[in-house]
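Note sheet for the following structure.
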Amino acid sequence: MKVAKLVAAAVMASAFVLPTALPAVAAGNDKPQPPGLAKQDTLRWAAPKNVRIGTAVAGGGHHETMPYANPFTSDQQYREVLAAEFSSVSPENQAKWEFIHPQRDQYRFAEMDAIVEFAQQNGQVVRGHTLFWHSQNPAWLEQGNFSKDELRSILKDHITTVVGRYAGKIQQWDVANEIFNDNGTLRTTDNIWIRELGPEIIADAFRWAHEADPKAKLFFNDYGVESINAKSTAYVKLIPKLQAQGVKVDGFAVQGHLSTQYGFPGDMQANLQRFDDLGLETAVTEIDVRMNIAAGTKPTAEQLAKQSSYYQRALEACLNVEDCKSFTIWGFNDKYSWVPVFFSGQGEATVMWEDYTRKPSYYALQSTLLKANPGGDQAFGPPPRLPAVTPAVASKS
Ligand code: 9MR
């Protein structure tokens with residue numbers, strides 16, 4: 001039997017136990033590890049010093065409509081890969097307003113708490129996502145008919161409460177998400193905060209976040225800003241204005257939801273460099289690369305090669321910009337990806353197949369990291385807690 005199958009069997013056998021950290025392996029234990037989880041064979045190990053390789057942690061959002069149990073709490077293999085491969089984690093939905101603040105007087109922290117705890121136990125940083133957005137807001141907020149003063153105090157309380165709860169435990173916050181339209185105008189219609197309180201409220205959101213956690217790096221985050229275009233240029237103009245007012249803005253993040261049916265944004269590095277030149281950190285926060293795929297079929301070798309090259313080029317763009325130190329994929333396994341749920345006829349957007357085996361895109365990321373960092377670097381490598389493999393299992397490989 002192949003190691004992967006034996007490991008899967010071992011995982012199944014232990015599926016009822018969901019530790020918050022990976023099972024301990026004694027320091028200095030150099031027993032063979034399964035190929036997918038070996039210490040020297042993970043993305044976080046391959047990454048250069050100071051570069052965080054992240055993933056979204058599944059939960060909330062579309063997952064609640066799917067016929068599977070919550071991966072983070074119920075899929076042991078998911079947790080093992082999550083811990084072994086990544087040095088940064090982002091709550092996919094668990095810190096969004098509708099999830100974490102479902103009623104005006106009620107917060108739901110348990111899921112986000114669990115992610116933060118998992119990250120701490122596995123030597124990972126956390127990217128908080130998100131505090132100020134036009135989407136995934138609870139009905140009580142969107143339909144509340146609040147006065148301007150009430151809305152302002154609701155936003156301040158939310159930011160102070162959520163950011164304050166995790167103060168010191170979040171590396172970067174996507175304070176404001178997707179505030180511009182594609183043509184570079186502010187979302188004055190669908191963003192409740194900007195519509196009701198005016199653009200000045202953006203500065204207040206950053207101020208309140210900074211007060212609640214002075215150490216967290218505060219970011220703008222958006223999609224469709226990988227290239228130099230009207231939307232990304234709107235951020236180039238806005239951020240220095242805010243900084244001139246004394247507002248702390250640390251970074252600009254491009255999400256990176258790409259599709260092989262469109263060309264790769266070849267000016268991505270030049271675009272990130274514009275923000276680096278402003279003295280900002282940059283990040284790629286949500287990359288996935290979807291493709292057209294007929295139901296029940298597999299991608300062609302050509303499609304997989306194209307997808308790999310997109311992942312690789314995006315990572316290279318980040319690695320070539322000095323202060324781009326955080327590169328996050330939006331989920332790592334196709335079975336939990338948002339893509340097929342939102343884009344009919346498209347999918348296969350992540351770097352692993354449903355059985356957790358690696359796609360060419362995974363290897364493209366790994367080899368690109370190793371090229372930038374020959375021999376690998378364990379600065380943010382896995383803690384000494386990789387899943388134990390019994391010698392009996394390992395020796396049959
Ligand atoms: O992946 C998220 C999915 O589970 C939610 O149902 C969806 C709702 O809009 O949001 C997805 O995440 C989005 C992220 O928060 C912001 N950028 C776009 C992402 C994909 O839609």
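Each chain in the structure tokens gets a letter, A, B and so on, in the order shown; residues start at 1 in every chain, and ligands are counted from 1 in the order they appear.
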Residues near His101 of chain A, cut-off 9 Å, only C-alpha atoms, skip fewer than 6 positions along chain, as a PyMOL selection string: chain A and resi 95+107-109+137-138+158
Print the selection's residues with C-alpha atoms to a file, as a PDB file, in the first residue's frame.
ATOM      1  CA  ALA A  95     -14.389  37.462  11.493  1.00  0.00           C
ATOM      2  CA  TYR A 107     -20.989  38.586  19.340  1.00  0.00           C
ATOM      3  CA  ARG A 108     -20.006  35.094  18.241  1.00  0.00           C
ATOM      4  CA  PHE A 109     -16.332  34.694  18.991  1.00  0.00           C
ATOM      5  CA  ASN A 137     -23.112  42.448   6.847  1.00  0.00           C
ATOM      6  CA  PRO A 138     -25.922  41.263   9.138  1.00  0.00           C
ATOM      7  CA  HIS A 158     -17.422  46.728  16.628  1.00  0.00           C
TER       8      HIS A 158
END
task: Mind checking which residues fall within 10 Å of segment 362-373 of chain A, counting only C-alpha atoms, ignoring those fewer than 2 positions away in the same chain, and posting them as a PyMOL selection string?
output: chain A and resi 41-49+51+53+305+307-316+319-320+332+350-352+357-360+375-377
Write as a CSV table (one decimal) with N, CA, C and O atoms, in the first residue's frame the residues around ligand 1, taking 6 Å as the cut-off and counting only C-alpha atoms and all ligand atoms.
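Writing done, so here's selection29.csv:
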chain,number,residue,atom,x,y,z
A,61,GLY,N,-19.8,31.5,5.7
A,61,GLY,CA,-20.0,31.8,4.3
A,61,GLY,C,-20.6,30.6,3.5
A,61,GLY,O,-21.5,30.0,4.0
A,62,HIS,N,-20.1,30.3,2.3
A,62,HIS,CA,-20.6,29.3,1.5
A,62,HIS,C,-20.6,27.9,2.2
A,62,HIS,O,-21.4,27.0,1.8
A,63,HIS,N,-19.6,27.7,3.1
A,63,HIS,CA,-19.5,26.4,3.7
A,63,HIS,C,-20.8,26.0,4.4
A,63,HIS,O,-21.1,24.8,4.5
A,92,GLU,N,-11.7,32.7,6.8
A,92,GLU,CA,-12.4,32.9,5.5
A,92,GLU,C,-13.6,33.7,5.7
A,92,GLU,O,-13.9,34.6,4.9
A,338,TRP,N,-14.6,28.1,-2.6
A,338,TRP,CA,-15.8,28.9,-2.8
A,338,TRP,C,-16.1,29.0,-4.3
A,338,TRP,O,-17.2,29.3,-4.7
- request: Name the residues of segment 74-255 of chain A that come out as strand (DSSP E) in a backbone DSSP run; write them as a PyMOL selection string.
  value: chain A and resi 88-91+125-132+172-177+217-222+251-254
Write out the residues from the selection above, keeping N, CA, C and O atoms, as a CSV table (one decimal), in the first residue's frame.
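File produced: selection27.csv:
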chain,number,residue,atom,x,y,z
A,88,SER,N,0.8,31.3,8.1
A,88,SER,CA,-0.2,32.4,8.3
A,88,SER,C,-1.6,31.8,8.0
A,88,SER,O,-1.7,31.0,7.1
A,89,VAL,N,-2.5,32.2,8.7
A,89,VAL,CA,-3.9,31.8,8.5
A,89,VAL,C,-4.8,33.0,8.5
A,89,VAL,O,-4.6,34.0,9.2
A,90,SER,N,-5.9,32.9,7.7
A,90,SER,CA,-6.9,34.0,7.6
A,90,SER,C,-8.3,33.4,7.8
A,90,SER,O,-8.6,32.4,7.1
A,91,PRO,N,-9.1,33.9,8.7
A,91,PRO,CA,-10.5,33.4,8.8
A,91,PRO,C,-11.2,33.7,7.5
A,91,PRO,O,-11.3,34.9,7.0
A,125,VAL,N,1.0,33.1,12.2
A,125,VAL,CA,0.4,34.4,12.4
A,125,VAL,C,-1.0,34.4,11.8
A,125,VAL,O,-1.4,33.5,11.1
A,126,VAL,N,-1.8,35.4,12.2
A,126,VAL,CA,-3.2,35.5,11.7
A,126,VAL,C,-3.4,36.8,11.0
A,126,VAL,O,-2.9,37.8,11.4
A,127,ARG,N,-4.1,36.7,9.8
A,127,ARG,CA,-4.5,37.9,9.2
A,127,ARG,C,-6.0,38.1,9.5
A,127,ARG,O,-6.8,37.2,9.2
A,128,GLY,N,-6.4,39.2,10.1
A,128,GLY,CA,-7.8,39.5,10.4
A,128,GLY,C,-8.5,40.0,9.2
A,128,GLY,O,-8.0,40.8,8.4
A,129,HIS,N,-9.7,39.5,9.0
A,129,HIS,CA,-10.5,39.8,7.7
A,129,HIS,C,-12.0,39.8,8.1
A,129,HIS,O,-12.4,38.7,8.4
A,130,THR,N,-12.7,40.9,8.1
A,130,THR,CA,-12.4,42.2,7.8
A,130,THR,C,-13.4,43.1,8.6
A,130,THR,O,-14.4,42.6,9.1
A,131,LEU,N,-13.1,44.4,8.7
A,131,LEU,CA,-13.9,45.2,9.6
A,131,LEU,C,-14.9,46.2,8.9
A,131,LEU,O,-15.8,46.7,9.6
A,132,PHE,N,-14.6,46.5,7.7
A,132,PHE,CA,-15.3,47.6,7.0
A,132,PHE,C,-15.6,47.2,5.6
A,132,PHE,O,-14.6,47.1,4.8
A,172,GLN,N,-1.8,41.1,10.8
A,172,GLN,CA,-2.3,42.1,9.8
A,172,GLN,C,-3.8,42.1,9.8
A,172,GLN,O,-4.4,41.0,9.9
A,173,TRP,N,-4.4,43.3,9.8
A,173,TRP,CA,-5.9,43.4,9.7
A,173,TRP,C,-6.2,43.9,8.3
A,173,TRP,O,-5.7,45.0,7.9
A,174,ASP,N,-7.1,43.3,7.6
A,174,ASP,CA,-7.7,43.9,6.4
A,174,ASP,C,-8.8,44.9,7.0
A,174,ASP,O,-10.0,44.5,7.2
A,175,VAL,N,-8.4,46.1,7.4
A,175,VAL,CA,-9.4,47.0,8.0
A,175,VAL,C,-10.5,47.3,7.0
A,175,VAL,O,-11.7,47.0,7.3
A,176,ALA,N,-10.1,47.8,5.8
A,176,ALA,CA,-11.2,48.1,4.9
A,176,ALA,C,-11.0,47.2,3.7
A,176,ALA,O,-9.9,47.0,3.1
A,177,ASN,N,-12.2,46.7,3.3
A,177,ASN,CA,-12.2,45.7,2.2
A,177,ASN,C,-13.0,46.2,1.0
A,177,ASN,O,-14.2,46.6,1.2
A,217,LYS,N,-0.6,45.4,11.9
A,217,LYS,CA,-0.4,46.1,10.6
A,217,LYS,C,-1.8,46.3,10.0
A,217,LYS,O,-2.5,45.3,9.8
A,218,LEU,N,-2.1,47.5,9.6
A,218,LEU,CA,-3.4,47.8,9.1
A,218,LEU,C,-3.4,48.0,7.5
A,218,LEU,O,-2.7,48.8,7.0
A,219,PHE,N,-4.3,47.2,6.9
A,219,PHE,CA,-4.3,47.1,5.4
A,219,PHE,C,-5.6,47.5,4.8
A,219,PHE,O,-6.7,47.4,5.3
A,220,PHE,N,-5.5,48.0,3.5
A,220,PHE,CA,-6.5,48.0,2.6
A,220,PHE,C,-6.4,46.7,1.8
A,220,PHE,O,-5.3,46.2,1.5
A,221,ASN,N,-7.6,46.1,1.4
A,221,ASN,CA,-7.6,44.9,0.6
A,221,ASN,C,-8.6,45.0,-0.5
A,221,ASN,O,-9.7,45.5,-0.3
A,222,ASP,N,-8.3,44.5,-1.7
A,222,ASP,CA,-9.3,44.6,-2.7
A,222,ASP,C,-9.0,43.5,-3.8
A,222,ASP,O,-7.9,42.9,-3.9
A,251,GLY,N,-0.4,48.9,5.0
A,251,GLY,CA,-0.2,48.1,3.8
A,251,GLY,C,-1.4,48.1,2.8
A,251,GLY,O,-2.5,48.5,3.2
A,252,PHE,N,-1.1,47.6,1.7
A,252,PHE,CA,-2.0,47.4,0.6
A,252,PHE,C,-2.0,46.0,0.1
A,252,PHE,O,-0.9,45.5,-0.2
A,253,ALA,N,-3.1,45.4,0.0
A,253,ALA,CA,-3.2,43.9,-0.3
A,253,ALA,C,-4.0,43.7,-1.6
A,253,ALA,O,-5.1,44.3,-1.7
A,254,VAL,N,-3.5,42.9,-2.5
A,254,VAL,CA,-4.2,42.4,-3.6
A,254,VAL,C,-4.7,41.0,-3.4
A,254,VAL,O,-4.0,40.2,-2.9
message: Would you compute the distance between atom CA of Gly123 of chain A and atom CA of Gln94 of chain A? Give it in Å to one decimal.
response: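 Computing it gives 20.0 Å between the two atoms.
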- request: List every residue of segment 154-366 of chain A that DSSP, applied to the backbone of this structure, assigns to alpha helix (DSSP H), and report them as an MDAnalysis selection string.
  value: chainID A and resid 154:165 192:197 200:212 230:244 268:277 301:319 339:342 360:366
- request: Fewer than 3 positions away in the same chain doesn't count, so skip those; otherwise give me all residues within 7 Å of Glu354 of chain A, counting only C-alpha atoms, as an MDAnalysis selection string.
  value: chainID A and resid 333:335
- request: Find, counting only C-alpha atoms, the residue in A:Ser326, A:Asn70, A:Thr300, A:Asn292 that gets nearest to Val339 of chain A.
  value: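 Closest residue, counting only C-alpha atoms: A:Asn292.
Put simply, atom CA of Ala58 of chain A is 23.5 Å away from atom CA of Leu304 of chain A.
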Considering only C-alpha atoms, give me a table of residues in segment 282-333 of chain A that are at most 12 Å from segment 238-250 of chain A, with the closest atom pair and distance in Å for each, as CSV.
residue,atom,partner,partner_atom,distance
A:Thr282,CA,A:Asp250,CA,8.5
A:Ala283,CA,A:Asp250,CA,10.8
A:Asp323,CA,A:Asp250,CA,10.7
A:Cys324,CA,A:Asp250,CA,11.7
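Using only C-alpha atoms, the nearest neighbour of Glu85 of chain A within the list A:Phe343, A:Phe275, A:Tyr262, A:Tyr356 is A:Tyr356.
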task: Using atom CA of Leu278 of chain A and atom CA of Asn181 of chain A as the two end points, give the distance in Å to one decimal.
output: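 Distance between the two atoms: 22.1 Å.
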With only C-alpha atoms as the counted atoms, please give the residues lying no more than 7 Å from Phe72 of chain A, apart from itself and same-chain residues fewer than 4 positions off, as an mmCIF file with all heavy atoms, in the first residue's frame.
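So the final result, stored in result.cif, reads:
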data_model
loop_
_atom_site.group_PDB
_atom_site.id
_atom_site.type_symbol
_atom_site.label_atom_id
_atom_site.label_comp_id
_atom_site.auth_asym_id
_atom_site.auth_seq_id
_atom_site.Cartn_x
_atom_site.Cartn_y
_atom_site.Cartn_z
ATOM 1 N N ALA A 58 -11.229 27.460 6.294
ATOM 2 C CA ALA A 58 -12.625 27.268 5.876
ATOM 3 C C ALA A 58 -13.586 27.387 7.052
ATOM 4 O O ALA A 58 -13.288 26.973 8.171
ATOM 5 C CB ALA A 58 -12.768 25.902 5.213
ATOM 6 N N GLY A 59 -14.755 27.932 6.771
ATOM 7 C CA GLY A 59 -15.802 28.038 7.783
ATOM 8 C C GLY A 59 -16.698 29.224 7.491
ATOM 9 O O GLY A 59 -16.253 30.221 6.905
ATOM 10 N N TYR A 78 -7.480 17.843 7.148
ATOM 11 C CA TYR A 78 -7.479 19.286 6.860
ATOM 12 C C TYR A 78 -6.635 20.026 7.892
ATOM 13 O O TYR A 78 -5.800 20.861 7.569
ATOM 14 C CB TYR A 78 -8.929 19.796 6.870
ATOM 15 C CG TYR A 78 -9.053 21.274 6.573
ATOM 16 C CD1 TYR A 78 -9.179 21.732 5.273
ATOM 17 C CD2 TYR A 78 -9.019 22.213 7.610
ATOM 18 C CE1 TYR A 78 -9.276 23.090 4.995
ATOM 19 C CE2 TYR A 78 -9.113 23.571 7.348
ATOM 20 C CZ TYR A 78 -9.244 23.999 6.038
ATOM 21 O OH TYR A 78 -9.326 25.351 5.769
ATOM 22 N N ARG A 79 -6.861 19.711 9.135
ATOM 23 C CA ARG A 79 -6.130 20.392 10.214
ATOM 24 C C ARG A 79 -4.637 20.097 10.163
ATOM 25 O O ARG A 79 -3.807 20.965 10.410
ATOM 26 C CB ARG A 79 -6.692 19.961 11.575
ATOM 27 C CG ARG A 79 -8.085 20.471 11.836
ATOM 28 C CD ARG A 79 -8.707 19.816 13.054
ATOM 29 N NE ARG A 79 -8.084 20.212 14.318
ATOM 30 C CZ ARG A 79 -8.407 21.305 14.987
ATOM 31 N NH1 ARG A 79 -9.314 22.139 14.518
ATOM 32 N NH2 ARG A 79 -7.823 21.597 16.127
#
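Distances to Trp193 of chain A were evaluated for A:Ser135, A:Gln273, A:Thr233, A:Ser227 using only C-alpha atoms, and the minimum falls at A:Ser135.
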Shell of 10 Å around segment 142-144 of chain A, only C-alpha atoms, local chain residues under 5 positions omitted, as number ranges by chain: A: 104, 134-137, 151, 190-193
- request: Identify which of the residues A:Asp105, A:Ser344, A:Gly54, A:Ile179 lies closest to Ala119 of chain A, counting only C-alpha atoms when measuring atom-to-atom distances.
  value: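 Smallest separation from Ala119 of chain A among the options: A:Gly54.
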